[in-house]
Structures are given as C-alpha cells and as structure tokens.
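Read through the structure below, which is laid out as structure tokens, and then see the notes.
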Amino acid sequence: QKWVYTFGGGSAEGSAAGRDLLGGKGANLAEMCNLGLPVPPGLTIVTDACAHYYANSRTIPDSLKNEVRAGLRRMEEVTGRTFGHNERPLLLSVRSGARASMPGMMDTVLNLGLTDETVQALGHDAGDARFAWDSYRRFIQMYGDVVMGLDHEVFEEILEDEKARFGHEQDTELSAMEWQHVIARYKEAIAEELGESFPQDPEVQLWGAIGAVFSSWMNARAVTYRTLHNIPAEWGTAVNVQAMVFGNLGNSSATGVAFTRNPSTGDNALYGEFLVNAQGEDVVAGIRTPQNITEGARIASGSDRPSLEKLMPEAFAEFTDICTRLERHYRDMQDLEFTIERGKLWMLQTRSGKRTAKAALKMAVDMAEEGLISKEQAVARIDPASLDQLLHPTIDPRARREVIGAGLPASPGAATGEIVFTSEEAVHAQEEGRKVILVRVETSPEDIHGMHAAEGILTTRGGMTSHAAVVARGMGIPCVSGAGTLRVDLRNELLIAQGATLKKGDVITIDGGSGQVLKGAIPMLQPELSGDFGRIMEWADATRRMKVRTNAETPADARAARSFGAEGIGLCRTEHMFFEDGRINVMREMILAGDETGRRTALAKLLPMQRSDFVELFEIMHGLPVTIRLLDPPLHEFLPKTDEEIAEVAASLAFDPAELRQRVDALHEFNPMLGHRGCRLAISYPEIAEMQARAIFEAACQAARDTGAAVVPEIMVPLVGLKSELDYVKARIDAVAKEVIAEAGVEIEYLVGTMIELPRAALRAHVIAESAEFFSFGTNDLTQTTFGISRDDASQFLTTYLQKGIVERDPFVQLDFDGVGELIQIAAERGRRTRGDLKLGICGEHGGDPASIHFCEEAGLDYVSCSPFRVPIARLAAAQAAF
Ligand code: PEP
Ligand code: MG
C-alpha cells in the first residue's frame, strides 16, 4: 500500500488520471506540476487512508507516518527550508480534497509549523516581523478552531477587543507588537477553555491537522452536502500537505480566485477577484471586498480600486498565459486559486469550474465552435436537470420596482419571499410551506441547510466568489451578494436600507440577474430560451433516436410544449377536460342518470365540448401524433364530498340531497386505485367510450379539413390486464369509426392501443399485442401496482424508507430499474415478438426523468412523454442516452 504521492520541483508521482486516489485537488496539483507550472511542492495522502482511518478507530498507521516524513524531506530539498527548524522554517498548508469537489465543506489549516520559536525565524527570514506574527495568530486561530475545537467566535471576540483597545478598525493596522498581545490572549483562552496548551511541536501539529481533515469528512455539513449530491461516504477524502507561499507578505503579494470564463454568463473572458496582502481564506470568507483581476472587469463594475492587470502586470501576464494553457489542456473552464508572493506567481489549485446553467450552455456551444470539444461532447456536458434553472422566472421589466439596495448579480433568477436571518428559520419556514429569502451578512458552510431551504439568498458582504455566491450558483438558487448599502441588524431582526427599514417576515424580491434588492413581491416573467439553448437542442436532436412527446390536455400546455420542441402528445388525460366549469355538472348528470338512456342524453351534451377540445389539440399539433386516453378515474372523483358540496350540487341539478348522498355513498370504494376505473368503466358503460371515440374521429376529420395536415389519432385504453378487456373496448371504437367514416365520407386512419400499467399486462404483452397497435407504459400506476404501494399514500413511509436507506430513491421519481424496469423489458420484448412494428412509449412521470430516460433508450422505446416544462430536459437526456 502506497499512502503518499509527492509533487513539486517540476514533476509529480501522480497525475489528473489518479483522481479517485488523490482526490480532485491532489490529482490536479500533480497534473499542473507535470505541465511545468509553478506549484509549491507538497504531498497527497490518498483517499484510501481516510477509509483506513475510520476502519481503525481514527488512527493513522505507522507506514503512512513514515511516508509523510519522507515526503516532507523532499519538500525541504525543493524549498531549501526545514520543517520545525529555527533558521528557514518550512511552513505547511493542510487541506482536504475529495474525488468530487465539496467546496468549503471540510477543514483546512494554513501556516502550520509556526511555534513561539519558528515565528521569530520567519520574521527574520522575511524581513517582516509583523507578517510573521500575523501568520502565527492566523494559525493559532485556525488550528484552535479546526483541530482543537475551540469556537472561532472566541478568537473573533478577543481580536475585536484588542483592536478596540489599540484604536484600530482593520486587521491590517495591527503592528507586530500588537499581534503578540492578541496571540498571548489566544493561547490563554485555549488553555483556559480546553485545559491543554497550544502545541509547540510541529510534528504534533501536523498529525493533529491531518486527523482533523479526515474527521471533517464526517462533519455534519459534509454529510449533508454528500446526501444532496449523492456522493458515497466510502470515497473518503485525500489530504494535501503543501509548502506555504504567502500572499500576505506586503503589498507586492496577493491572493486570488479566478475562472477562465465568466461562471455566471459564460462569456469567454477571464473572471476573478483578488486581495493584496492577504491569505486565501480572506477572499472566500468575504471579510474584505476583493478587487477585479482584469482591467475590463474593473471598468465594467465601476470600481475605482486597481485591477491586478494594472497593479502587477508581470504576474498578471504569466497568470493569463497559464489560464489559457490549463483551459486548453482540460478542454473545460477552470476555477483557479493562486498566490503571488513578492511578485512571484504560484498556482494552488485548478479544477473544472462550477457554472450556471446559462453559462454551461454558452461555454459548451462556444467551445464546440472554437474546436476545443466536439458537438457530442458539448451535448454530453450539459446536465439535463440543470435546464430547470433556465426556466426560472425573471422580473417583469414593466413592473414597478422599489429598489432598496443593490449588490452583485451572483446567481441568476429572481425570487420573492419573507425575510429570515438564520438558516434555522429558513428550514423551519420551508417546513411550514412559507417561501423565504435568507438574508445574511455573509454565509458559511454551516448555512448549507438554510440556503437549500430558501428561495433566494441575499448577503451584505462578499464578492462573486464568496461562499454564498458559489453555493447558490451550484444549487441554482438566485443570489445577490455584497449588497453593501444594506445593513443587517441581527439583534433586532431588521434589514436596514437607505430610506427603509424592514423586519423579519417582510416580503422582498431579489434579482440575481441585476443584483437589485426590491421591496415587496414583484410580477415575474417566464424565461426566454437563448440562442445557445437552441444550438445545444439542435445538436441533441441530431443525435437522439427516441422522440419526445408531451403530456397535455389544455391548449395552453400543448402550445407551451410545442414551443419547447414536443413532437406530439403522448398522453391526453381526457378526464381533466371534464372538470372545467359548465362541464362538471353535465358529467355529474351522466353519472347520476338512472339508466343508459339517461346517460346517453347527458353524453350527447358532452360530445360537442369534447370534439372542440380535440379539434384545438389536433390543430396545435398540426399532424403530429396525438394519443388520447379514454376516461380513467373512478367516477366518484367527479361527485361532491362534503354535506355543503352535496347540498349545492343537488340544488343546481334539481336532485334530492338525500338521494344524492346515497348515490355518492354507493360509489364509495375501499381501494379506488384498484377499483372501478380505467377500461373497467368502458366495459360497464360503453356509451362513455363511444362518445369519446366519436368526438375524436369527428375532430380528426374537421382538423384535417382545417389544417390540411393528416391527423392520425391514437386512442389509448387505460388499465388493461386482459386481452379480452381491450378487445371489448376496441370493438366499440371500431364500430364508431365505421359510422363516422360513413357519415363523413372520408377515410380516417387511427390506432388503438393500451397502457401497460399492470404487471399482468406486462407479462401477457405478447397476447395483448395481438389487439394493441401500441403500448404506452403508465409507469405511475405500474410502479404502484408492482410495488403494491399506493401512490397517494406513499409519501409518509417512503420518506422514512429513504432516510433509513431501505430504498435509495423514490421509485415514483426514478424508475425502479430492477423490478418495474424488468417488467417493461419483458413487455417490450414480448409485445414486439407478436407485432414487430408495435409502437412503444412511456407516459408516466418517469418520462421526464433523465436516468429513467436512459433506461427507456436501452429498452428500445420509440418515445418518452413528459410534462411540457420537462420537454427540453427529455430531449437532452434522450440525446445523451443515445451516445
Ligand atoms: C400512469 O399511470 O403512469 C399514467 C400516466 O396515468 P395516470 O398518472 O393518469 O394514472
Ligand atoms: Mg395510470
């Protein structure tokens, strides 16, 4: 077992390919060394060591300790410094680095190796005592918090107290002497609160920090993050121990973060922020507001503080050069961390940068056009689920805006909600179904729960790369950061703006696109899909095999779905059409009629309404396939329930209330989902199916005449388990077709098929396919009937199942590939054995779920059908599934 991989001095033992073992950060540090870039030397302890640590009651094996010592010797050779030595001390950073990036979730210790003695040497060596003491106090603060477990508030309090005592406002104003006072108090606080003193042996410090990084893999926020992002706990984190370089060595030093393209818009322009005379965590923590890296960004932001380009032109030139190289090398936008120590540039990290959905589209399209990646790679790079972000509402430009403040447009989209000031309140409000905006001075990784629960995030401090901004973009939540004109008064729970004071619970709107903060709720607009979106969709459409249809019954939904690229309707649930005003009573008349004649009288009134609905759908779909399902739900769903409702309906239908109550009771079922519904209705009351068939055929004739496009309706019979059920209903449909053809004098083409929603139907598919011309998998019901889990009652115990790991995913959201999936495969295979050209589709909710769509591709389905807003997601997922 090799525990340690070294890097630095122009070469590395690992490379980017070793990501699983070295973690993302370690693998990329090695890769940058191999590319000859300036990287401070270091070593990576592999992820396996983390697993070993947990498997052996949190201990570190001797063999690992020896390898780390050997690695340190190598770092000493490269740097010409010695760890724990009093001449030229080698100082270290110790950082986590998992396989998947988990920004800010785990612990970091900087400036490790400083003691009461080495701090003097560092000051001597650097010729700057103030710097040395500042570094030492930072180290004690971080180590005291992260490794020893003393709350960082304790240190903050001491620091504030000492600053006030010496009459300073900024940390940067403290002198070496003053820092020594702070440090003395820090050490006292540690001894007092923890009963142990701050370690003066650098080796002890090192093992303490390594253990702390391993332990942080299991801290609450890391666990939450992993759950949210499906990262397995077994992966573990690597630990990177690296020679420190200092961005806080005076005004020719700096530290910063950059993206090779703009992570918010996708523009192909270097985007980043830096601070002069600072260490890395200062930028991310948002304690000082950083400066722009490029002159262009500085001008655009209207800042009067100089850019890095102006301030340190040589380091800037080298840095931009490295940015270009790394982007070409990885063929993707990179997120970089760097430090400039007295004019010399050092690279501390590179990784594929997180980006908004909009930026992801733009970058993929641009990179394909630049020839950096292929069109297929561009399509493969977009996470289908992220397209949801593009469907975020934006503020209606015509709306009246009462702007109370402004910050940076950190994450796009607009959001409205009540003000809350803590993450706990945000979580609590979400549980109560209230929408909130989380308002904070700044956020930290502890806020991850609250950020997830909020509609939007507003901070008064911090830049585009602050924690709030990065995390919000990743989550697709609108965010405005660094709104400096606003002030949070936590004690009194107030948000104070110029000219307005808002309380907790007051409603505000934030616009993550412009950075504005507005009073009250503002009218929103649905988003427009950009040109890049169109390009990616075009490329996706060129690669996919499966068609994408939509589930729609209203003209508005059908039109929306067409604009999103739906290629027909895969499911029109006709019952929804009966719930409209003026119709529901006719429907009730039909249900309450004493005999067939009475029912036919009511149905005759429904016929023209249904027909006009279908004409409209056919016209919108203009020759594309339209699948119409016969009435499916149990009839009592149309009847009133409470006494008041019964009284009201009885009055409007001139029915005796007592008798109506009796009829309602008679239709009661113990398991309505397994009761008198689906094709069972059509068998009991064939006149309903006949009316619907007639409406469909007459509408098809009319639409064909009106539009000139041939209409081939597909009539779908729900909840079939037996071939004889389908045959009975199909015979009625065929008879009506004959009549309408005779009346209209035109030939009508149509298909009759069935839904596969019952395990028996799947198993007997070869027999059912003798009558059915198509199958559509109704995976909502098929999941319900396969598992024997009521889809309407599942949420209570499925949540427990998910929490206890009994199921990994909600089977009503993502297909259960093993069980329900096998039934689908069986039905597809057996059905096609009987009828080679049997058309296969899916119309359950799973038709819009990317992972389920992959399964459908493998099962050889012809199309998926989903709700209108998921059509773009399905088009993209279908393309990716086809690769
Ligand atoms: C299904 O069961 O998957 C389906 C599409 O029908 P419904 O959801 O209307 O029962
Ligand atoms: Mg169903």
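Every chain in the structure tokens has a letter given in the order shown (A, B, ...), and although residue numbers restart at 1 in each chain, ligands are simply numbered from 1 in the order shown.
Around Ile419 in chain A, within 9 Å and counting only C-alpha atoms, the residues found are Gly417, Phe421, Ala426, Val436, Ile437, Leu438, Val439, Leu495, Leu502, Lys503, Lys504, Gly505, Asp506, Val507 and Ile508 of chain A, once anything fewer than 2 positions away on its own chain is removed.
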Residues just named, written with C-alpha atoms as a PDB file, in the first residue's frame:
```
ATOM      1  CA  GLY A 417     -40.025  35.647  -0.073  1.00  0.00           C
ATOM      2  CA  PHE A 421     -31.978  35.984   9.162  1.00  0.00           C
ATOM      3  CA  ALA A 426     -35.265  29.220   6.675  1.00  0.00           C
ATOM      4  CA  VAL A 436     -38.230  32.930   2.339  1.00  0.00           C
ATOM      5  CA  ILE A 437     -35.166  34.908   1.344  1.00  0.00           C
ATOM      6  CA  LEU A 438     -32.204  34.123   3.579  1.00  0.00           C
ATOM      7  CA  VAL A 439     -30.589  37.448   4.468  1.00  0.00           C
ATOM      8  CA  LEU A 495     -32.754  44.828   7.443  1.00  0.00           C
ATOM      9  CA  LEU A 502     -37.668  46.022   7.012  1.00  0.00           C
ATOM     10  CA  LYS A 503     -38.484  43.472   9.667  1.00  0.00           C
ATOM     11  CA  LYS A 504     -38.201  39.728   9.740  1.00  0.00           C
ATOM     12  CA  GLY A 505     -41.211  38.382   7.832  1.00  0.00           C
ATOM     13  CA  ASP A 506     -41.452  41.373   5.453  1.00  0.00           C
ATOM     14  CA  VAL A 507     -41.502  40.369   1.800  1.00  0.00           C
ATOM     15  CA  ILE A 508     -38.665  41.286  -0.545  1.00  0.00           C
TER      16      ILE A 508
END
```
Requested in this report: Would you mind listing what lies within 8 Å of Lys344 in chain A as an MDAnalysis selection string, with only C-alpha atoms counted and same-chain residues fewer than 3 positions away left out?
Outcome: chainID A and resid 315 340:341
Requested in this report: Dump the neighbourhood of ligand 2 as a ChimeraX atom specification: all residues within 7 Å, distances computed on only C-alpha atoms and all ligand atoms.
Outcome: /A:718-719,757,778,780-781
Keeping N, CA, C and O atoms, export the residues of the selection given above as a PDB file, in the first residue's frame.
```
ATOM      1  N   PRO A 718     -56.954   2.629 -20.955  1.00  0.00           N
ATOM      2  CA  PRO A 718     -56.158   2.529 -19.730  1.00  0.00           C
ATOM      3  C   PRO A 718     -56.424   1.275 -18.913  1.00  0.00           C
ATOM      4  O   PRO A 718     -57.492   0.660 -19.014  1.00  0.00           O
ATOM      5  N   LEU A 719     -55.460   0.923 -18.099  1.00  0.00           N
ATOM      6  CA  LEU A 719     -55.562  -0.103 -17.070  1.00  0.00           C
ATOM      7  C   LEU A 719     -56.063  -1.456 -17.575  1.00  0.00           C
ATOM      8  O   LEU A 719     -56.873  -2.124 -16.932  1.00  0.00           O
ATOM      9  N   GLU A 757     -49.976  -0.818 -17.420  1.00  0.00           N
ATOM     10  CA  GLU A 757     -49.972  -0.254 -16.070  1.00  0.00           C
ATOM     11  C   GLU A 757     -50.117  -1.325 -15.006  1.00  0.00           C
ATOM     12  O   GLU A 757     -50.122  -1.021 -13.818  1.00  0.00           O
ATOM     13  N   GLY A 778     -47.576   3.219 -18.522  1.00  0.00           N
ATOM     14  CA  GLY A 778     -48.056   4.133 -17.488  1.00  0.00           C
ATOM     15  C   GLY A 778     -47.320   3.781 -16.209  1.00  0.00           C
ATOM     16  O   GLY A 778     -47.810   3.037 -15.359  1.00  0.00           O
ATOM     17  N   ASN A 780     -46.544   5.362 -13.613  1.00  0.00           N
ATOM     18  CA  ASN A 780     -47.047   5.768 -12.288  1.00  0.00           C
ATOM     19  C   ASN A 780     -47.838   4.611 -11.695  1.00  0.00           C
ATOM     20  O   ASN A 780     -47.594   4.165 -10.574  1.00  0.00           O
ATOM     21  N   ASP A 781     -48.804   4.142 -12.481  1.00  0.00           N
ATOM     22  CA  ASP A 781     -49.595   3.011 -11.999  1.00  0.00           C
ATOM     23  C   ASP A 781     -48.776   1.725 -11.974  1.00  0.00           C
ATOM     24  O   ASP A 781     -48.934   0.912 -11.066  1.00  0.00           O
TER      25      ASP A 781
END
```
Requested in this report: List all protein, DNA and RNA residues that have an atom no more than 10 Å from any atom of ligand 1, counting only C-alpha atoms and all ligand atoms, and report them as number ranges by chain.
Outcome: A: 551, 570-576, 629, 631-633, 673, 678, 718-719, 755-758, 776-785, 791, 812, 842-847, 865-866
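Counting only C-alpha atoms and comparing A:Cys33, A:Ala497, A:Leu763, A:Met691, the residue that lies closest to Val736 in chain A is A:Met691.
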Query raised in the report: What's the 12 Å shell around Ala851 in chain A, counting only C-alpha atoms, without same-chain residues fewer than 2 positions away, as a PyMOL selection string?
Result: chain A and resi 383-385+809+811+813-817+846-849+853-858+873-874+876-878+880-881
Query raised in the report: Which one of A:Glu309, A:Leu408, A:Val871, A:Phe578 sits closest to Gly513 in chain A if you count only C-alpha atoms?
Result: A:Leu408
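Across the model, the gap from CA of Tyr801 in chain A to CA of Met102 in chain A is 26.1 Å.
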Requested in this report: Give me the residues within 12 Å of Pro263 in chain A as a VMD selection string, counting only C-alpha atoms and dropping any in the same chain fewer than 4 places off.
Outcome: chain A and resid 258 to 259 267 to 272 332 to 335 352 to 363 409 to 412 464 to 465 469 to 470 473 to 474
Requested in this report: Write out as a PyMOL selection string which residues come within 12 Å of range 58-70 of chain A when counting only C-alpha atoms, dropping same-chain ones fewer than 3 positions away.
Outcome: chain A and resi 1-6+42-46+48-55+73-77+82-83+203-204+206-218+239-242
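Taking CA of Ile646 in chain A and CA of Thr554 in chain A as endpoints, the distance between them is 28.0 Å.
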Query raised in the report: If you measure from CA of Ala368 in chain A to CA of Pro103 in chain A, what distance in Å do you get, rounded to one decimal?
Result: 28.0 Å
